[in-house]
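So this one's data_37.txt, compact mmCIF, C-alpha atoms:
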# COMPACT_ATOMS: atom_id res chain seq x y z
CA MET F 976 77.01 -41.30 64.27
CA THR F 977 77.56 -41.29 60.54
CA GLY F 978 76.06 -38.16 58.75
CA VAL F 979 75.15 -37.50 55.11
CA PRO F 980 76.98 -34.56 53.51
CA ALA F 981 74.94 -31.53 52.63
CA SER F 982 76.02 -31.69 48.98
CA ALA F 983 74.76 -35.24 48.65
CA ALA F 984 71.43 -34.40 50.26
CA GLY F 985 70.66 -31.84 47.59
CA GLY F 986 72.56 -28.78 48.68
CA SER F 987 71.96 -26.15 51.25
CA PRO F 988 68.62 -24.39 51.75
CA GLN F 989 70.12 -21.14 50.45
CA ALA F 990 71.08 -22.78 47.16
CA SER F 991 67.60 -24.29 46.70
CA ALA F 992 65.96 -20.91 47.30
CA ALA F 993 68.26 -19.28 44.77
CA GLN F 994 67.49 -21.86 42.09
CA ALA F 995 63.65 -21.80 42.54
CA PRO F 996 62.96 -18.43 40.84
CA ALA F 997 64.89 -19.52 37.76
CA SER F 998 62.74 -22.61 37.18
CA GLN F 999 59.27 -21.27 38.23
CA PRO F 1000 58.09 -17.61 38.09
CA SER F 1001 56.66 -16.06 41.20
CA ALA F 1002 53.05 -14.83 41.60
CA ALA F 1003 54.13 -11.18 41.26
CA GLN F 1004 55.89 -11.89 37.95
CA ALA F 1005 52.82 -13.74 36.62
CA ALA F 1006 50.57 -10.81 37.50
CA GLN F 1007 52.93 -8.38 35.75
CA ALA F 1008 52.98 -10.56 32.62
CA THR F 1009 49.16 -10.73 32.57
CA ARG F 1010 48.88 -6.94 32.80
CA ALA F 1011 51.40 -6.53 29.98
CA GLU F 1012 49.45 -8.89 27.71
CA ALA F 1013 46.20 -7.06 28.45
CA THR F 1014 47.85 -3.72 27.69
CA ALA F 1015 49.24 -5.06 24.40
CA ALA F 1016 45.87 -6.51 23.36
CA GLU F 1017 43.89 -3.39 24.27
CA PRO F 1018 44.71 -1.35 21.14
CA ALA F 1019 43.71 -4.23 18.86
CA GLY F 1020 40.39 -4.65 20.63
CA THR F 1021 39.79 -0.93 20.50
CA ALA F 1022 40.48 -0.94 16.78
CA VAL F 1023 38.02 -3.79 16.23
CA VAL F 1024 35.32 -1.95 18.17
CA ALA F 1025 36.04 1.21 16.21
CA GLU F 1026 35.83 -0.66 12.91
CA THR F 1027 32.54 -2.27 13.97
CA ALA F 1028 31.11 1.08 15.02
CA GLY F 1029 32.25 2.60 11.73
CA ALA F 1030 30.65 -0.22 9.74
CA GLN F 1031 27.40 0.21 11.64
CA GLY F 1032 27.54 3.93 11.08
CA ALA F 1033 28.05 3.39 7.35
CA ALA F 1034 25.21 0.86 7.19
CA ARG F 1035 22.81 3.05 9.17
CA PRO F 1036 22.51 6.58 7.83
CA PRO F 1037 22.12 9.32 10.41
CA ARG F 1038 18.63 10.12 11.63
CA ALA F 1039 18.85 13.59 10.15
CA ALA F 1040 19.56 12.11 6.71
CA LYS F 1041 16.49 9.84 6.97
CA ILE F 1042 14.29 12.78 7.94
CA ALA F 1043 15.67 14.86 5.08
CA ALA F 1044 15.09 12.03 2.58
CA ALA F 1045 11.51 11.59 3.77
CA ALA F 1046 10.94 15.33 3.47
CA VAL F 1047 12.22 15.28 -0.12
CA ASN F 1048 9.97 12.34 -1.01
CA GLN F 1049 6.90 14.08 0.41
CA ALA F 1050 7.75 17.58 -0.83
CA SER F 1051 6.05 17.17 -4.24
CA VAL F 1052 2.44 16.84 -3.06
CA TRP F 1053 1.38 19.64 -5.40
CA ASN F 1054 1.86 17.83 -8.70
CA ILE F 1055 -0.29 17.27 -11.76
CA ALA F 1056 -1.47 13.81 -10.67
CA ASN F 1057 -2.71 15.04 -7.30
CA PHE F 1058 -4.23 18.09 -8.98
CA LEU F 1059 -6.35 15.83 -11.19
CA THR F 1060 -7.38 13.81 -8.14
CA MET F 1061 -8.44 16.95 -6.27
CA LEU F 1062 -10.30 18.15 -9.37
CA ARG F 1063 -12.26 14.89 -9.36
CA LEU F 1064 -13.14 15.41 -5.70
CA ILE F 1065 -14.29 18.97 -6.39
CA LEU F 1066 -16.45 17.76 -9.28
CA VAL F 1067 -18.50 15.49 -7.00
CA PRO F 1068 -20.67 18.19 -5.36
CA GLY F 1069 -20.89 20.03 -8.68
CA PHE F 1070 -22.08 16.88 -10.40
CA VAL F 1071 -24.74 16.28 -7.75
CA ALA F 1072 -26.00 19.86 -8.07
CA LEU F 1073 -26.22 19.59 -11.85
CA MET F 1074 -27.83 16.17 -11.68
CA LEU F 1075 -30.61 17.29 -9.34
CA ALA F 1076 -31.18 20.75 -10.85
CA HIS F 1077 -34.80 21.49 -11.83
CA GLY F 1078 -36.04 18.24 -10.35
CA GLY F 1079 -33.39 16.10 -12.02
CA TYR F 1080 -35.25 15.57 -15.29
CA ASP F 1081 -34.14 18.56 -17.37
CA PRO F 1082 -32.22 17.21 -20.41
CA ALA F 1083 -29.96 20.28 -20.55
CA TRP F 1084 -28.88 20.05 -16.91
CA ARG F 1085 -28.44 16.29 -17.26
CA SER F 1086 -26.10 16.98 -20.18
CA PHE F 1087 -24.01 19.30 -18.00
CA ALA F 1088 -23.97 16.63 -15.29
CA TRP F 1089 -22.80 14.08 -17.86
CA ALA F 1090 -19.95 16.43 -18.88
CA ALA F 1091 -18.82 16.69 -15.24
CA PHE F 1092 -19.03 12.91 -14.86
CA ALA F 1093 -17.07 12.35 -18.09
CA ILE F 1094 -14.32 14.74 -16.96
CA ALA F 1095 -14.07 12.87 -13.66
CA MET F 1096 -13.78 9.52 -15.44
CA ILE F 1097 -11.12 10.84 -17.84
CA THR F 1098 -9.01 12.28 -15.01
CA ASP F 1099 -9.26 8.88 -13.30
CA LEU F 1100 -7.54 7.34 -16.32
CA PHE F 1101 -4.70 9.85 -16.36
CA ASP F 1102 -3.78 10.68 -12.76
CA GLY F 1103 -2.58 7.21 -11.83
CA HIS F 1104 -0.66 6.83 -15.10
CA LEU F 1105 1.06 10.18 -14.62
CA ALA F 1106 1.94 9.39 -11.01
CA ARG F 1107 3.59 6.08 -11.91
CA THR F 1108 5.30 7.30 -15.08
CA TYR F 1109 6.85 10.46 -13.64
CA ASP F 1110 7.41 9.21 -10.08
CA LEU F 1111 4.74 11.47 -8.59
CA VAL F 1112 3.32 8.90 -6.18
CA THR F 1113 2.60 10.43 -2.76
CA ASP F 1114 0.82 9.32 0.38
CA PHE F 1115 -1.91 11.85 -0.33
CA GLY F 1116 -2.47 10.39 -3.79
CA LYS F 1117 -2.63 6.83 -2.47
CA ILE F 1118 -5.44 7.82 -0.11
CA ALA F 1119 -7.29 10.44 -2.16
CA ASP F 1120 -7.35 8.63 -5.51
CA PRO F 1121 -9.55 5.66 -4.49
CA ILE F 1122 -11.76 7.98 -2.43
CA ALA F 1123 -12.31 10.23 -5.47
CA ASP F 1124 -13.09 7.23 -7.69
CA LYS F 1125 -15.72 5.83 -5.35
CA ALA F 1126 -17.12 9.27 -4.52
CA ILE F 1127 -18.02 10.21 -8.11
CA MET F 1128 -19.34 6.75 -8.95
CA GLY F 1129 -21.30 6.50 -5.71
CA ALA F 1130 -22.77 9.97 -6.18
CA ALA F 1131 -23.94 9.11 -9.70
CA LEU F 1132 -25.50 5.79 -8.68
CA ILE F 1133 -27.29 7.25 -5.66
CA CYS F 1134 -28.64 10.16 -7.69
CA LEU F 1135 -29.91 7.84 -10.43
CA SER F 1136 -31.62 5.58 -7.90
CA TRP F 1137 -33.03 8.59 -6.02
CA LEU F 1138 -34.58 9.85 -9.27
CA GLY F 1139 -35.98 6.41 -10.07
CA ASP F 1140 -33.85 5.87 -13.20
CA LEU F 1141 -31.90 2.95 -11.74
CA PRO F 1142 -33.09 0.22 -9.34
CA TRP F 1143 -31.70 0.55 -5.82
CA TRP F 1144 -30.46 -3.05 -5.82
CA VAL F 1145 -28.06 -2.21 -8.67
CA THR F 1146 -26.63 0.68 -6.65
CA ILE F 1147 -26.34 -1.50 -3.55
CA VAL F 1148 -24.57 -4.31 -5.45
CA ILE F 1149 -22.04 -2.02 -7.12
CA LEU F 1150 -21.27 0.13 -4.08
CA GLY F 1151 -21.27 -2.87 -1.74
CA ARG F 1152 -18.75 -4.61 -3.95
CA GLU F 1153 -16.49 -1.54 -4.13
CA LEU F 1154 -16.50 -0.94 -0.38
CA GLY F 1155 -16.14 -4.64 0.40
CA ILE F 1156 -13.10 -5.09 -1.85
CA THR F 1157 -11.50 -1.96 -0.40
CA LEU F 1158 -11.90 -3.32 3.13
CA LEU F 1159 -10.61 -6.71 1.97
CA ARG F 1160 -7.45 -5.11 0.62
CA PHE F 1161 -6.80 -3.53 4.02
CA VAL F 1162 -7.40 -6.85 5.80
CA VAL F 1163 -4.84 -8.79 3.73
CA ILE F 1164 -2.31 -5.96 3.37
CA ARG F 1165 -0.12 -7.66 5.99
CA TYR F 1166 0.32 -10.60 3.61
CA GLY F 1167 0.66 -8.64 0.37
CA VAL F 1168 -1.11 -6.41 -2.13
CA ILE F 1169 -3.93 -7.59 -4.39
CA PRO F 1170 -3.07 -6.19 -7.82
CA ALA F 1171 -5.68 -4.69 -10.10
CA SER F 1172 -6.67 -7.28 -12.68
CA ARG F 1173 -7.67 -6.78 -16.29
CA GLY F 1174 -11.19 -7.78 -15.36
CA GLY F 1175 -11.26 -5.07 -12.71
CA LYS F 1176 -10.12 -2.45 -15.22
CA LEU F 1177 -12.72 -3.63 -17.73
CA LYS F 1178 -15.36 -3.47 -15.00
CA THR F 1179 -14.44 0.15 -14.26
CA LEU F 1180 -14.65 1.07 -17.94
CA VAL F 1181 -18.03 -0.62 -18.48
CA GLN F 1182 -19.40 0.89 -15.27
CA GLY F 1183 -18.38 4.36 -16.38
CA ILE F 1184 -20.01 3.92 -19.81
CA ALA F 1185 -23.20 2.49 -18.33
CA VAL F 1186 -23.58 5.17 -15.65
CA GLY F 1187 -22.78 7.88 -18.18
CA MET F 1188 -25.52 6.59 -20.46
CA TYR F 1189 -27.98 6.64 -17.57
CA VAL F 1190 -27.00 10.19 -16.65
CA LEU F 1191 -27.95 11.35 -20.13
CA ALA F 1192 -31.67 11.61 -20.86
CA LEU F 1193 -31.69 8.91 -23.55
CA THR F 1194 -34.76 7.55 -25.27
CA GLY F 1195 -35.58 4.87 -27.81
CA TRP F 1196 -33.07 2.22 -28.66
CA LEU F 1197 -30.31 4.06 -26.79
CA ALA F 1198 -32.32 3.64 -23.58
CA THR F 1199 -32.57 -0.08 -24.31
CA LEU F 1200 -28.84 -0.27 -25.05
CA ARG F 1201 -27.90 1.37 -21.78
CA PHE F 1202 -29.92 -1.27 -19.93
CA TRP F 1203 -27.79 -4.05 -21.40
CA VAL F 1204 -24.57 -2.14 -20.81
CA MET F 1205 -25.54 -1.74 -17.16
CA ALA F 1206 -26.39 -5.46 -16.99
CA ALA F 1207 -22.89 -6.25 -18.28
CA ALA F 1208 -21.42 -3.87 -15.70
CA VAL F 1209 -23.30 -5.64 -12.88
CA VAL F 1210 -22.11 -9.06 -14.08
CA LEU F 1211 -18.49 -7.84 -14.27
CA THR F 1212 -18.84 -6.22 -10.85
CA VAL F 1213 -19.93 -9.48 -9.21
CA ALA F 1214 -17.49 -11.70 -11.14
CA THR F 1215 -14.43 -9.54 -10.46
CA GLY F 1216 -15.47 -9.16 -6.83
CA LEU F 1217 -15.51 -12.92 -6.37
CA ASP F 1218 -12.14 -13.17 -8.12
CA TYR F 1219 -10.66 -10.62 -5.70
CA VAL F 1220 -12.00 -12.64 -2.78
CA ARG F 1221 -10.31 -15.74 -4.21
CA GLN F 1222 -7.02 -13.86 -4.61
CA ALA F 1223 -7.28 -12.60 -1.04
CA ILE F 1224 -7.77 -16.14 0.30
CA VAL F 1225 -4.80 -17.46 -1.70
CA LEU F 1226 -2.64 -14.53 -0.63
CA ARG F 1227 -3.51 -15.03 3.02
CA ARG F 1228 -2.79 -18.77 2.93
CA GLN F 1229 0.54 -18.18 1.19
CA GLY F 1230 1.48 -15.49 3.68
CA ILE F 1231 0.68 -17.75 6.65
CA ALA F 1232 2.67 -20.61 5.09
CA ASP F 1233 5.66 -18.33 4.49
CA ARG F 1234 5.58 -17.11 8.09
CA ARG F 1235 5.46 -20.66 9.42
CA ALA F 1236 8.38 -21.68 7.22
CA ALA F 1237 10.40 -18.68 8.39
CA ALA F 1238 9.60 -19.50 12.04
CA GLU F 1239 10.71 -23.12 11.56
CA GLU F 1240 13.97 -22.00 9.96
CA THR F 1241 14.58 -19.64 12.87
CA ARG F 1242 14.02 -22.40 15.42
CA ALA F 1243 16.27 -24.75 13.46
Hey, can you dump this file as structure tokens for me?
Amino acid sequence: MTGVPASAAGGSPQASAAQAPASQPSAAQAAQATRAEATAAEPAGTAVVAETAGAQGAARPPRAAKIAAAAVNQASVWNIANFLTMLRLILVPGFVALMLAHGGYDPAWRSFAWAAFAIAMITDLFDGHLARTYDLVTDFGKIADPIADKAIMGAALICLSWLGDLPWWVTIVILGRELGITLLRFVVIRYGVIPASRGGKLKTLVQGIAVGMYVLALTGWLATLRFWVMAAAVVLTVATGLDYVRQAIVLRRQGIADRRAAAEETRA
């Protein structure tokens, strides 16, 4: 029987086994290479994580720093602007007592009441300006200032109507407008802030003059003049109130539209 030589058939089994590792790595060698690559890549990954953590730490100040900053911002509650606001609040009961002294019709006591009312109105002009100019705005001032404004005006109107010097419907219109606009501001605060308009500032000025003239025991043509000044104050009160309602509606619609646009961009 004729046989084929081992060299022609591809060599001996021992030779084939010896050549196999040279051409194809074994499973053990592949595992060692994988572990080596992972070990080499580990420092780089650690460095990236460290850099990311450092960047986040730089972007986000420590909690203690935030608390300290907030404490500094709120540390100046006792400033001149808040002092004027508190003075206006203290004047309210004093004004009422002077207004109703001796039955409420004594010209001398009404003059003292007018002086207290005038001081309150003057401090109203200055406390907000001082707070904005000298960076004295505080959370206490934001809350107490509008309360003091409405307290002194409301006290004067109620006293005048109680004494029969001013019709109750005038008091109801003015106070209803003030309270309604304040509530409206809180309702739309999520969409933005309704700024004080020039008409609103003029309304406040005319209201103060009209109420001050009614507090004084005026007679003759001055009594007639104060009637027309109060009529102008009522007209400005209603007109500016309607304008604030319009601004609130526009602000709400714009806020809703902006939120919808932002939601659509997020989905896209």
If the box runs along x, y and z of the file and leaves 3 Å on each side of stretch 1127-1143 of chain F, what are its centre and edge lengths in Å, one decimal, as JSON?
{"center_x": -27.0, "center_y": 5.2, "center_z": -9.4, "size_x": 24.0, "size_y": 16.0, "size_z": 13.5}
Around the point (-19.4, 8.5, -6.1), in the coordinates given by the file, pick out the residues reaching within 10 Å, counting only C-alpha atoms, and return them as a PDB file with C-alpha atoms, keeping the file's coordinate frame.
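Output contents, as saved in result-v9.pdb:
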ATOM      1  CA  LEU F1064     -13.140  15.410  -5.700  1.00  0.00           C
ATOM      2  CA  VAL F1067     -18.500  15.490  -7.000  1.00  0.00           C
ATOM      3  CA  PRO F1068     -20.670  18.190  -5.360  1.00  0.00           C
ATOM      4  CA  PHE F1070     -22.080  16.880 -10.400  1.00  0.00           C
ATOM      5  CA  VAL F1071     -24.740  16.280  -7.750  1.00  0.00           C
ATOM      6  CA  PHE F1092     -19.030  12.910 -14.860  1.00  0.00           C
ATOM      7  CA  ILE F1122     -11.760   7.980  -2.430  1.00  0.00           C
ATOM      8  CA  ALA F1123     -12.310  10.230  -5.470  1.00  0.00           C
ATOM      9  CA  ASP F1124     -13.090   7.230  -7.690  1.00  0.00           C
ATOM     10  CA  LYS F1125     -15.720   5.830  -5.350  1.00  0.00           C
ATOM     11  CA  ALA F1126     -17.120   9.270  -4.520  1.00  0.00           C
ATOM     12  CA  ILE F1127     -18.020  10.210  -8.110  1.00  0.00           C
ATOM     13  CA  MET F1128     -19.340   6.750  -8.950  1.00  0.00           C
ATOM     14  CA  GLY F1129     -21.300   6.500  -5.710  1.00  0.00           C
ATOM     15  CA  ALA F1130     -22.770   9.970  -6.180  1.00  0.00           C
ATOM     16  CA  ALA F1131     -23.940   9.110  -9.700  1.00  0.00           C
ATOM     17  CA  LEU F1132     -25.500   5.790  -8.680  1.00  0.00           C
ATOM     18  CA  ILE F1133     -27.290   7.250  -5.660  1.00  0.00           C
ATOM     19  CA  CYS F1134     -28.640  10.160  -7.690  1.00  0.00           C
ATOM     20  CA  LEU F1150     -21.270   0.130  -4.080  1.00  0.00           C
TER      21      LEU F1150
END
Need the shell around stretch 1209-1212 of chain F: protein/DNA/RNA residues with any atom at most 9 Å away, counting only C-alpha atoms. Skip same-chain ones fewer than 2 positions apart. Format as a PDB file with C-alpha atoms, keeping the file's coordinate frame?
ATOM      1  CA  VAL F1145     -28.060  -2.210  -8.670  1.00  0.00           C
ATOM      2  CA  VAL F1148     -24.570  -4.310  -5.450  1.00  0.00           C
ATOM      3  CA  ILE F1149     -22.040  -2.020  -7.120  1.00  0.00           C
ATOM      4  CA  ARG F1152     -18.750  -4.610  -3.950  1.00  0.00           C
ATOM      5  CA  GLU F1153     -16.490  -1.540  -4.130  1.00  0.00           C
ATOM      6  CA  GLY F1174     -11.190  -7.780 -15.360  1.00  0.00           C
ATOM      7  CA  GLY F1175     -11.260  -5.070 -12.710  1.00  0.00           C
ATOM      8  CA  LEU F1177     -12.720  -3.630 -17.730  1.00  0.00           C
ATOM      9  CA  LYS F1178     -15.360  -3.470 -15.000  1.00  0.00           C
ATOM     10  CA  THR F1179     -14.440   0.150 -14.260  1.00  0.00           C
ATOM     11  CA  VAL F1181     -18.030  -0.620 -18.480  1.00  0.00           C
ATOM     12  CA  GLN F1182     -19.400   0.890 -15.270  1.00  0.00           C
ATOM     13  CA  VAL F1204     -24.570  -2.140 -20.810  1.00  0.00           C
ATOM     14  CA  MET F1205     -25.540  -1.740 -17.160  1.00  0.00           C
ATOM     15  CA  ALA F1206     -26.390  -5.460 -16.990  1.00  0.00           C
ATOM     16  CA  ALA F1207     -22.890  -6.250 -18.280  1.00  0.00           C
ATOM     17  CA  ALA F1214     -17.490 -11.700 -11.140  1.00  0.00           C
ATOM     18  CA  THR F1215     -14.430  -9.540 -10.460  1.00  0.00           C
ATOM     19  CA  GLY F1216     -15.470  -9.160  -6.830  1.00  0.00           C
ATOM     20  CA  LEU F1217     -15.510 -12.920  -6.370  1.00  0.00           C
TER      21      LEU F1217
END
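The residue that comes closest to F:Arg1173, out of F:Leu1075, F:Trp1203, F:Tyr1219, F:Asn1057 and on the basis of all atoms listed in the file, is F:Tyr1219.
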(request) Would you mind reading off the distance between atom CA of F:Leu1138 and atom CA of F:Ala1076, one decimal, in Å? (result)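 Answer for the atom CA of F:Leu1138 to atom CA of F:Ala1076 separation: 11.5 Å.
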(request) Extract, using all atoms listed in the file, all DNA, RNA and protein residues at most 12 Å from F:Leu1159, discarding same-chain residues fewer than 2 positions from it, and format them as JSON, numbers by chain. (result) {"F": [1151, 1152, 1153, 1154, 1155, 1156, 1157, 1161, 1162, 1163, 1164, 1165, 1166, 1167, 1168, 1169, 1216, 1217, 1219, 1220, 1221, 1222, 1223, 1224, 1226, 1227]}
(request) Quote the spacing between atom CA of F:Ala1088 and atom CA of F:Leu1105 in Å to one decimal place. (result)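 A separation of 25.9 Å between them.
For F:Tyr1080, the list of residues within 12 Å, based on all atoms listed in the file and with local chain neighbours fewer than 2 positions off taken out, reads Leu1073, Met1074, Leu1075, Ala1076, His1077, Gly1078, Pro1082, Ala1083, Trp1084, Arg1085, Ser1086, Ala1088, Cys1134, Leu1135, Trp1137, Leu1138, Gly1139, Asp1140, Tyr1189, Val1190, Leu1191, Ala1192 and Leu1193 of chain F.
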(request) Take atom CA of F:Gly1116 and atom CA of F:Ala1095 and report the distance between them in Å, one decimal. (result) 15.4 Å
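The residue that comes closest to F:Pro1142, out of F:Phe1202, F:Thr1113, F:His1104, F:Asp1099 and on the basis of all atoms listed in the file, is F:Phe1202.
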